[in-house]
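Novice: Below is the file structure_9.pdb, which contains PDB, C-alpha atoms, pLDDT in the B column.
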ATOM      1  CA  MET T   1       1.744  14.042   8.536  1.00 79.00           C
ATOM      2  CA  SER T   2       3.461  10.961   9.804  1.00 80.00           C
ATOM      3  CA  TYR T   3       5.642   8.597   7.800  1.00 92.00           C
ATOM      4  CA  PRO T   4       6.757   5.706  10.036  1.00 96.00           C
ATOM      5  CA  SER T   5      10.492   5.115   9.772  1.00 96.00           C
ATOM      6  CA  ASP T   6      10.127   1.305   9.693  1.00 96.00           C
ATOM      7  CA  LEU T   7       8.370   1.416   6.314  1.00 98.00           C
ATOM      8  CA  TYR T   8       9.513   1.726   2.713  1.00 98.00           C
ATOM      9  CA  TYR T   9       7.692   4.096   0.337  1.00 98.00           C
ATOM     10  CA  THR T  10       7.079   4.699  -3.357  1.00 97.00           C
ATOM     11  CA  GLU T  11       6.667   7.977  -5.202  1.00 95.00           C
ATOM     12  CA  ASP T  12       3.125   6.722  -5.969  1.00 94.00           C
ATOM     13  CA  HIS T  13       2.337   6.985  -2.213  1.00 97.00           C
ATOM     14  CA  GLU T  14       2.300   3.287  -1.361  1.00 97.00           C
ATOM     15  CA  TRP T  15       4.069   1.919   1.712  1.00 98.00           C
ATOM     16  CA  LEU T  16       5.612  -1.483   2.342  1.00 98.00           C
ATOM     17  CA  ARG T  17       6.414  -3.102   5.688  1.00 98.00           C
ATOM     18  CA  LEU T  18       8.767  -6.105   5.717  1.00 97.00           C
ATOM     19  CA  ASN T  19       7.494  -8.990   7.823  1.00 96.00           C
ATOM     20  CA  ASP T  20       9.724 -11.566   9.527  1.00 93.00           C
ATOM     21  CA  ASP T  21       8.681 -14.412   7.209  1.00 94.00           C
ATOM     22  CA  GLY T  22       9.786 -13.144   3.776  1.00 90.00           C
ATOM     23  CA  THR T  23       6.493 -11.390   3.143  1.00 97.00           C
ATOM     24  CA  ALA T  24       5.547  -7.723   3.123  1.00 98.00           C
ATOM     25  CA  THR T  25       2.389  -5.800   3.976  1.00 98.00           C
ATOM     26  CA  VAL T  26       1.364  -3.063   1.523  1.00 98.00           C
ATOM     27  CA  GLY T  27      -0.906  -0.036   1.875  1.00 98.00           C
ATOM     28  CA  ILE T  28      -1.255   3.623   0.961  1.00 98.00           C
ATOM     29  CA  THR T  29       0.254   6.507   2.883  1.00 97.00           C
ATOM     30  CA  GLU T  30      -1.434   9.083   5.074  1.00 96.00           C
ATOM     31  CA  PHE T  31      -0.650  11.633   2.348  1.00 96.00           C
ATOM     32  CA  ALA T  32      -2.449   9.516  -0.274  1.00 95.00           C
ATOM     33  CA  GLU T  33      -5.570   8.898   1.795  1.00 95.00           C
ATOM     34  CA  GLY T  34      -5.686  12.591   2.688  1.00 94.00           C
ATOM     35  CA  GLU T  35      -5.504  13.600  -0.968  1.00 94.00           C
ATOM     36  CA  LEU T  36      -8.221  11.102  -1.896  1.00 95.00           C
ATOM     37  CA  GLY T  37     -10.635  12.201   0.815  1.00 94.00           C
ATOM     38  CA  ASP T  38     -13.308   9.908   2.223  1.00 96.00           C
ATOM     39  CA  ILE T  39     -12.707   6.414   0.831  1.00 97.00           C
ATOM     40  CA  VAL T  40     -15.943   4.608   0.009  1.00 97.00           C
ATOM     41  CA  PHE T  41     -14.778   1.484  -1.836  1.00 97.00           C
ATOM     42  CA  VAL T  42     -11.605  -0.600  -2.174  1.00 98.00           C
ATOM     43  CA  GLU T  43     -11.149  -3.256  -4.872  1.00 98.00           C
ATOM     44  CA  LEU T  44      -8.086  -5.520  -4.686  1.00 98.00           C
ATOM     45  CA  GLU T  45      -6.676  -8.303  -6.839  1.00 98.00           C
ATOM     46  CA  PRO T  46      -7.342 -11.753  -5.333  1.00 98.00           C
ATOM     47  CA  GLU T  47      -4.936 -13.977  -3.437  1.00 98.00           C
ATOM     48  CA  GLY T  48      -2.610 -15.857  -5.761  1.00 98.00           C
ATOM     49  CA  THR T  49      -2.188 -12.941  -8.183  1.00 98.00           C
ATOM     50  CA  GLU T  50       1.452 -12.524  -9.274  1.00 98.00           C
ATOM     51  CA  LEU T  51       2.517  -8.950  -9.941  1.00 98.00           C
ATOM     52  CA  SER T  52       5.665  -7.056 -10.867  1.00 97.00           C
ATOM     53  CA  ALA T  53       6.765  -3.826  -9.225  1.00 97.00           C
ATOM     54  CA  GLY T  54       4.643  -1.012 -10.655  1.00 97.00           C
ATOM     55  CA  ASP T  55       1.706  -3.231 -11.659  1.00 98.00           C
ATOM     56  CA  VAL T  56      -1.805  -2.190 -10.595  1.00 98.00           C
ATOM     57  CA  TYR T  57      -3.043  -4.358  -7.723  1.00 98.00           C
ATOM     58  CA  GLY T  58      -6.352  -2.615  -7.101  1.00 98.00           C
ATOM     59  CA  THR T  59      -8.281   0.635  -6.960  1.00 97.00           C
ATOM     60  CA  VAL T  60      -9.503   2.954  -4.248  1.00 97.00           C
ATOM     61  CA  GLU T  61     -12.706   4.895  -4.803  1.00 97.00           C
ATOM     62  CA  ALA T  62     -13.230   8.088  -2.870  1.00 96.00           C
ATOM     63  CA  VAL T  63     -16.068  10.579  -2.953  1.00 91.00           C
ATOM     64  CA  LYS T  64     -14.184  12.748  -5.455  1.00 85.00           C
ATOM     65  CA  THR T  65     -12.059  10.291  -7.491  1.00 94.00           C
ATOM     66  CA  VAL T  66     -10.915   6.747  -8.256  1.00 95.00           C
ATOM     67  CA  SER T  67      -7.211   5.961  -7.929  1.00 96.00           C
ATOM     68  CA  GLU T  68      -5.180   2.943  -8.982  1.00 97.00           C
ATOM     69  CA  LEU T  69      -2.922   1.155  -6.494  1.00 98.00           C
ATOM     70  CA  PHE T  70       0.590   0.266  -7.672  1.00 97.00           C
ATOM     71  CA  MET T  71       2.633  -2.658  -6.352  1.00 97.00           C
ATOM     72  CA  PRO T  72       5.838  -1.407  -4.687  1.00 98.00           C
ATOM     73  CA  MET T  73       7.723  -4.695  -5.253  1.00 97.00           C
ATOM     74  CA  SER T  74       7.291  -7.855  -7.314  1.00 98.00           C
ATOM     75  CA  GLY T  75       5.529 -10.705  -5.605  1.00 97.00           C
ATOM     76  CA  THR T  76       2.426 -12.828  -5.150  1.00 98.00           C
ATOM     77  CA  ILE T  77      -0.566 -11.654  -3.145  1.00 98.00           C
ATOM     78  CA  ILE T  78      -1.024 -14.149  -0.303  1.00 98.00           C
ATOM     79  CA  GLU T  79      -3.541 -12.212   1.792  1.00 98.00           C
ATOM     80  CA  VAL T  80      -6.116  -9.516   1.081  1.00 98.00           C
ATOM     81  CA  ASN T  81      -7.581  -7.218   3.754  1.00 98.00           C
ATOM     82  CA  ASN T  82     -11.183  -8.344   3.283  1.00 97.00           C
ATOM     83  CA  SER T  83     -12.401  -6.104   6.105  1.00 98.00           C
ATOM     84  CA  LEU T  84     -12.050  -3.167   3.699  1.00 98.00           C
ATOM     85  CA  GLU T  85     -15.073  -4.487   1.749  1.00 95.00           C
ATOM     86  CA  SER T  86     -17.416  -3.550   4.576  1.00 97.00           C
ATOM     87  CA  ALA T  87     -15.289  -0.837   6.204  1.00 97.00           C
ATOM     88  CA  PRO T  88     -13.220   1.034   3.564  1.00 97.00           C
ATOM     89  CA  GLU T  89     -12.997   4.004   5.935  1.00 97.00           C
ATOM     90  CA  GLN T  90     -10.282   2.069   7.811  1.00 97.00           C
ATOM     91  CA  VAL T  91      -7.871   3.347   5.151  1.00 97.00           C
ATOM     92  CA  ASN T  92      -8.641   6.942   6.193  1.00 96.00           C
ATOM     93  CA  GLU T  93      -8.701   6.190   9.916  1.00 97.00           C
ATOM     94  CA  ASP T  94      -5.561   4.030  10.167  1.00 97.00           C
ATOM     95  CA  PRO T  95      -3.592   3.861   6.875  1.00 97.00           C
ATOM     96  CA  TYR T  96      -0.544   2.187   8.489  1.00 97.00           C
ATOM     97  CA  GLY T  97      -2.551  -0.246  10.635  1.00 97.00           C
ATOM     98  CA  ASP T  98      -6.071  -1.587  10.004  1.00 97.00           C
ATOM     99  CA  GLY T  99      -6.150   0.123   6.592  1.00 98.00           C
ATOM    100  CA  TRP T 100      -3.488  -2.124   5.028  1.00 98.00           C
ATOM    101  CA  MET T 101      -4.327  -3.532   1.582  1.00 98.00           C
ATOM    102  CA  VAL T 102      -2.470  -6.786   0.823  1.00 98.00           C
ATOM    103  CA  VAL T 103       0.310  -9.065   2.027  1.00 98.00           C
ATOM    104  CA  ILE T 104       2.707 -10.289  -0.649  1.00 98.00           C
ATOM    105  CA  GLU T 105       5.304 -13.007  -0.827  1.00 98.00           C
ATOM    106  CA  LEU T 106       8.352 -11.153  -2.116  1.00 97.00           C
ATOM    107  CA  GLU T 107       9.963 -12.272  -5.357  1.00 95.00           C
ATOM    108  CA  ASP T 108      13.195 -10.249  -5.225  1.00 93.00           C
ATOM    109  CA  GLU T 109      14.259  -8.436  -2.042  1.00 91.00           C
ATOM    110  CA  SER T 110      16.885  -6.459  -3.986  1.00 95.00           C
ATOM    111  CA  GLU T 111      13.968  -4.317  -5.262  1.00 96.00           C
ATOM    112  CA  LEU T 112      13.981  -2.681  -1.808  1.00 96.00           C
ATOM    113  CA  ASP T 113      16.831  -0.571  -3.149  1.00 96.00           C
ATOM    114  CA  ASP T 114      14.333   1.134  -5.490  1.00 96.00           C
ATOM    115  CA  LEU T 115      12.080   2.284  -2.619  1.00 98.00           C
ATOM    116  CA  LEU T 116      12.306   5.410  -0.479  1.00 98.00           C
ATOM    117  CA  ASP T 117      12.880   5.656   3.256  1.00 96.00           C
ATOM    118  CA  ALA T 118      10.637   7.916   5.394  1.00 96.00           C
ATOM    119  CA  GLU T 119      12.910  10.959   5.057  1.00 95.00           C
ATOM    120  CA  GLU T 120      13.157  10.616   1.260  1.00 96.00           C
ATOM    121  CA  TYR T 121       9.391  10.099   1.001  1.00 97.00           C
ATOM    122  CA  ALA T 122       8.675  13.204   3.104  1.00 94.00           C
ATOM    123  CA  ASP T 123      10.508  15.230   0.431  1.00 94.00           C
ATOM    124  CA  VAL T 124       8.221  13.765  -2.265  1.00 91.00           C
ATOM    125  CA  ALA T 125       4.877  13.994  -0.437  1.00 88.00           C
TER     126      ALA T 125
END
Step by step, read the file and then write its structure as structure tokens.
Specialist:
Amino acid sequence: MSYPSDLYYTEDHEWLRLNDDGTATVGITEFAEGELGDIVFVELEPEGTELSAGDVYGTVEAVKTVSELFMPMSGTIIEVNNSLESAPEQVNEDPYGDGWMVVIELEDESELDDLLDAEEYADVA
């Protein structure tokens, strides 16, 4: 499995990519989508939702289970990947690209210290 080195990770199998404008893109890891199996539905909190690190920001429904999505850092959702409504399989096909979930405006960048790098995450996954 691949865990891109430019991302931050949580033990709950979410990833976070810092963007150049003080925002971050969030999704689930290749490990997570593999464990879930074929994803058939994604439900995400709407734009404008303020969340703390660890809060649930949505759910992913797969053929065999439903799993909650946990926010890796505190922030406000400023963009939702609406293409997942009609094509949830993008999460399975490209979890670090087209299968992203939300973009958040970060509240406190010091929370990055609580996340894992790729090597640390590989030990957890």
Novice: Using the chain letters and numbers from the file, give me the residues hit by the PyMOL selection byres ((chain T and resi 67-82) around 6), as a ChimeraX atom specification.
Specialist: /T:47-60,66,83-85,101-107
Novice: Give, as AutoDock Vina command-line options, the centre coordinates and the x, y and z edge lengths in Å to one decimal for an axis-aligned box around all listed atoms of segment 23-28 of chain T, padded by 5 Å on each side.
Specialist:
--center_x 2.6 --center_y -3.9 --center_z 2.5 --size_x 17.7 --size_y 25.0 --size_z 13.0
Novice: Give me the result of the PyMOL selection byres ((chain T and resi 92) around 8) on this file, residue by residue, as a CSV table (one decimal) with C-alpha atoms, in the coordinates of the input.
Specialist:
chain,number,residue,atom,x,y,z
T,30,GLU,CA,-1.4,9.1,5.1
T,33,GLU,CA,-5.6,8.9,1.8
T,34,GLY,CA,-5.7,12.6,2.7
T,37,GLY,CA,-10.6,12.2,0.8
T,38,ASP,CA,-13.3,9.9,2.2
T,39,ILE,CA,-12.7,6.4,0.8
T,88,PRO,CA,-13.2,1.0,3.6
T,89,GLU,CA,-13.0,4.0,5.9
T,90,GLN,CA,-10.3,2.1,7.8
T,91,VAL,CA,-7.9,3.3,5.2
T,93,GLU,CA,-8.7,6.2,9.9
T,94,ASP,CA,-5.6,4.0,10.2
T,95,PRO,CA,-3.6,3.9,6.9
T,99,GLY,CA,-6.2,0.1,6.6
Novice: Just the residues within 10 Å of Leu112 of chain T, please, counting all atoms listed in the file, with nothing from its chain fewer than 4 positions along; format it as a ChimeraX atom specification.
Specialist: /T:8-9,16,18,72-73,108,116-117
Novice: Any chance you could resolve the PyMOL selection byres ((chain T and resi 119-123) around 12) against this file and give the residues as an NGL selection string?
Specialist: :T and (1-15 or 29-32 or 114-118 or 124-125)
Novice: Determine the nearest neighbour of Ile28 of chain T from the options T:Pro46, T:Tyr96, T:Ser110, T:Thr65, counting all atoms listed in the file.
Specialist: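 Closest to Ile28 of chain T, using all atoms listed in the file: T:Tyr96.
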Novice: From the set T:Trp100, T:Ala62, T:Ala87, T:Leu44, which residue has the shortest atom-to-atom contact distance to Thr25 of chain T, counting only C-alpha atoms?
Specialist: T:Trp100
Novice: From the options T:Glu109, T:Thr23, T:Val63, T:Arg17, which residue's atoms come nearest to Glu35 of chain T, counting only C-alpha atoms?
Specialist: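 Ranked by minimum distance to Glu35 of chain T, first place goes to T:Val63.
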Novice: Could you state the separation of atom CA of Glu45 of chain T and atom CA of Gly97 of chain T in Å, given to one decimal place?
Specialist: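 These two atoms are separated by 19.7 Å.
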Novice: Determine, counting all atoms listed in the file, every residue of protein, DNA or RNA that lies within 6 Å of (-12.1, 0.8, -1.7) in the file coordinates, then give the result as a PDB file with C-alpha atoms, keeping the file's coordinate frame.
Specialist:
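Dumped to selection.pdb:
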ATOM      1  CA  VAL T  40     -15.943   4.608   0.009  1.00 97.00           C
ATOM      2  CA  PHE T  41     -14.778   1.484  -1.836  1.00 97.00           C
ATOM      3  CA  VAL T  42     -11.605  -0.600  -2.174  1.00 98.00           C
ATOM      4  CA  GLU T  43     -11.149  -3.256  -4.872  1.00 98.00           C
ATOM      5  CA  VAL T  60      -9.503   2.954  -4.248  1.00 97.00           C
ATOM      6  CA  GLU T  61     -12.706   4.895  -4.803  1.00 97.00           C
ATOM      7  CA  PRO T  88     -13.220   1.034   3.564  1.00 97.00           C
TER       8      PRO T  88
END
Novice: Could you write segment 67-78 of chain T as a PDB file, in the coordinates of the input, with all heavy atoms rebuilt where they are missing?
Specialist:
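Result went into rebuild00.pdb, see below:
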ATOM      1  N   SER T  67      -8.653   5.990  -7.759  1.00 96.00           N
ATOM      2  CA  SER T  67      -7.211   5.961  -7.929  1.00 96.00           C
ATOM      3  C   SER T  67      -6.715   4.526  -7.986  1.00 96.00           C
ATOM      4  O   SER T  67      -7.182   3.671  -7.229  1.00 96.00           O
ATOM      5  CB  SER T  67      -6.552   6.694  -6.749  1.00 96.00           C
ATOM      6  OG  SER T  67      -5.162   6.736  -6.920  1.00 96.00           O
ATOM      7  N   GLU T  68      -5.780   4.275  -8.897  1.00 97.00           N
ATOM      8  CA  GLU T  68      -5.180   2.943  -8.982  1.00 97.00           C
ATOM      9  C   GLU T  68      -4.125   2.772  -7.897  1.00 97.00           C
ATOM     10  O   GLU T  68      -3.490   3.741  -7.460  1.00 97.00           O
ATOM     11  CB  GLU T  68      -4.536   2.746 -10.356  1.00 97.00           C
ATOM     12  CG  GLU T  68      -5.537   2.678 -11.485  1.00 97.00           C
ATOM     13  CD  GLU T  68      -4.886   2.442 -12.830  1.00 97.00           C
ATOM     14  OE1 GLU T  68      -3.782   2.977 -13.084  1.00 97.00           O
ATOM     15  OE2 GLU T  68      -5.490   1.720 -13.644  1.00 97.00           O
ATOM     16  N   LEU T  69      -3.935   1.524  -7.477  1.00 98.00           N
ATOM     17  CA  LEU T  69      -2.922   1.155  -6.494  1.00 98.00           C
ATOM     18  C   LEU T  69      -1.803   0.429  -7.219  1.00 98.00           C
ATOM     19  O   LEU T  69      -2.073  -0.492  -7.993  1.00 98.00           O
ATOM     20  CB  LEU T  69      -3.534   0.246  -5.422  1.00 98.00           C
ATOM     21  CG  LEU T  69      -4.719   0.835  -4.655  1.00 98.00           C
ATOM     22  CD1 LEU T  69      -5.411  -0.254  -3.851  1.00 98.00           C
ATOM     23  CD2 LEU T  69      -4.253   1.967  -3.764  1.00 98.00           C
ATOM     24  N   PHE T  70      -0.548   0.834  -6.970  1.00 97.00           N
ATOM     25  CA  PHE T  70       0.590   0.266  -7.672  1.00 97.00           C
ATOM     26  C   PHE T  70       1.461  -0.552  -6.730  1.00 97.00           C
ATOM     27  O   PHE T  70       1.817  -0.093  -5.646  1.00 97.00           O
ATOM     28  CB  PHE T  70       1.424   1.375  -8.315  1.00 97.00           C
ATOM     29  CG  PHE T  70       0.656   2.184  -9.322  1.00 97.00           C
ATOM     30  CD1 PHE T  70       0.111   3.403  -8.975  1.00 97.00           C
ATOM     31  CD2 PHE T  70       0.465   1.706 -10.608  1.00 97.00           C
ATOM     32  CE1 PHE T  70      -0.611   4.153  -9.895  1.00 97.00           C
ATOM     33  CE2 PHE T  70      -0.254   2.447 -11.541  1.00 97.00           C
ATOM     34  CZ  PHE T  70      -0.796   3.672 -11.183  1.00 97.00           C
ATOM     35  N   MET T  71       1.822  -1.748  -7.154  1.00 97.00           N
ATOM     36  CA  MET T  71       2.633  -2.658  -6.352  1.00 97.00           C
ATOM     37  C   MET T  71       4.041  -2.095  -6.169  1.00 97.00           C
ATOM     38  O   MET T  71       4.708  -1.783  -7.150  1.00 97.00           O
ATOM     39  CB  MET T  71       2.685  -4.029  -7.045  1.00 97.00           C
ATOM     40  CG  MET T  71       3.295  -5.127  -6.222  1.00 97.00           C
ATOM     41  SD  MET T  71       2.490  -5.448  -4.642  1.00 97.00           S
ATOM     42  CE  MET T  71       0.874  -5.987  -5.154  1.00 97.00           C
ATOM     43  N   PRO T  72       4.497  -1.953  -4.912  1.00 98.00           N
ATOM     44  CA  PRO T  72       5.838  -1.407  -4.687  1.00 98.00           C
ATOM     45  C   PRO T  72       6.975  -2.367  -5.039  1.00 98.00           C
ATOM     46  O   PRO T  72       8.067  -1.934  -5.379  1.00 98.00           O
ATOM     47  CB  PRO T  72       5.873  -1.080  -3.197  1.00 98.00           C
ATOM     48  CG  PRO T  72       4.636  -1.614  -2.611  1.00 98.00           C
ATOM     49  CD  PRO T  72       3.746  -2.094  -3.697  1.00 98.00           C
ATOM     50  N   MET T  73       6.709  -3.684  -4.941  1.00 97.00           N
ATOM     51  CA  MET T  73       7.723  -4.695  -5.253  1.00 97.00           C
ATOM     52  C   MET T  73       7.051  -5.880  -5.937  1.00 97.00           C
ATOM     53  O   MET T  73       5.857  -6.101  -5.760  1.00 97.00           O
ATOM     54  CB  MET T  73       8.421  -5.187  -3.977  1.00 97.00           C
ATOM     55  CG  MET T  73       9.311  -4.152  -3.317  1.00 97.00           C
ATOM     56  SD  MET T  73      10.087  -4.771  -1.792  1.00 97.00           S
ATOM     57  CE  MET T  73      11.185  -6.043  -2.435  1.00 97.00           C
ATOM     58  N   SER T  74       7.819  -6.653  -6.662  1.00 98.00           N
ATOM     59  CA  SER T  74       7.291  -7.855  -7.314  1.00 98.00           C
ATOM     60  C   SER T  74       6.979  -8.922  -6.277  1.00 98.00           C
ATOM     61  O   SER T  74       7.716  -9.085  -5.299  1.00 98.00           O
ATOM     62  CB  SER T  74       8.310  -8.405  -8.306  1.00 98.00           C
ATOM     63  OG  SER T  74       8.613  -7.443  -9.290  1.00 98.00           O
ATOM     64  N   GLY T  75       5.884  -9.634  -6.515  1.00 97.00           N
ATOM     65  CA  GLY T  75       5.529 -10.705  -5.605  1.00 97.00           C
ATOM     66  C   GLY T  75       4.146 -11.258  -5.889  1.00 97.00           C
ATOM     67  O   GLY T  75       3.482 -10.863  -6.848  1.00 97.00           O
ATOM     68  N   THR T  76       3.728 -12.180  -5.030  1.00 98.00           N
ATOM     69  CA  THR T  76       2.426 -12.828  -5.150  1.00 98.00           C
ATOM     70  C   THR T  76       1.574 -12.433  -3.958  1.00 98.00           C
ATOM     71  O   THR T  76       2.026 -12.532  -2.810  1.00 98.00           O
ATOM     72  CB  THR T  76       2.587 -14.363  -5.180  1.00 98.00           C
ATOM     73  OG1 THR T  76       3.430 -14.709  -6.284  1.00 98.00           O
ATOM     74  CG2 THR T  76       1.246 -15.061  -5.326  1.00 98.00           C
ATOM     75  N   ILE T  77       0.351 -12.002  -4.233  1.00 98.00           N
ATOM     76  CA  ILE T  77      -0.566 -11.654  -3.145  1.00 98.00           C
ATOM     77  C   ILE T  77      -0.943 -12.932  -2.404  1.00 98.00           C
ATOM     78  O   ILE T  77      -1.451 -13.880  -3.004  1.00 98.00           O
ATOM     79  CB  ILE T  77      -1.824 -10.951  -3.677  1.00 98.00           C
ATOM     80  CG1 ILE T  77      -1.447  -9.620  -4.321  1.00 98.00           C
ATOM     81  CG2 ILE T  77      -2.847 -10.750  -2.549  1.00 98.00           C
ATOM     82  CD1 ILE T  77      -2.596  -8.899  -5.005  1.00 98.00           C
ATOM     83  N   ILE T  78      -0.679 -12.968  -1.103  1.00 98.00           N
ATOM     84  CA  ILE T  78      -1.024 -14.149  -0.303  1.00 98.00           C
ATOM     85  C   ILE T  78      -2.130 -13.856   0.709  1.00 98.00           C
ATOM     86  O   ILE T  78      -2.696 -14.773   1.282  1.00 98.00           O
ATOM     87  CB  ILE T  78       0.205 -14.749   0.411  1.00 98.00           C
ATOM     88  CG1 ILE T  78       0.859 -13.743   1.352  1.00 98.00           C
ATOM     89  CG2 ILE T  78       1.203 -15.293  -0.612  1.00 98.00           C
ATOM     90  CD1 ILE T  78       1.928 -14.352   2.248  1.00 98.00           C
TER      91      ILE T  78
END
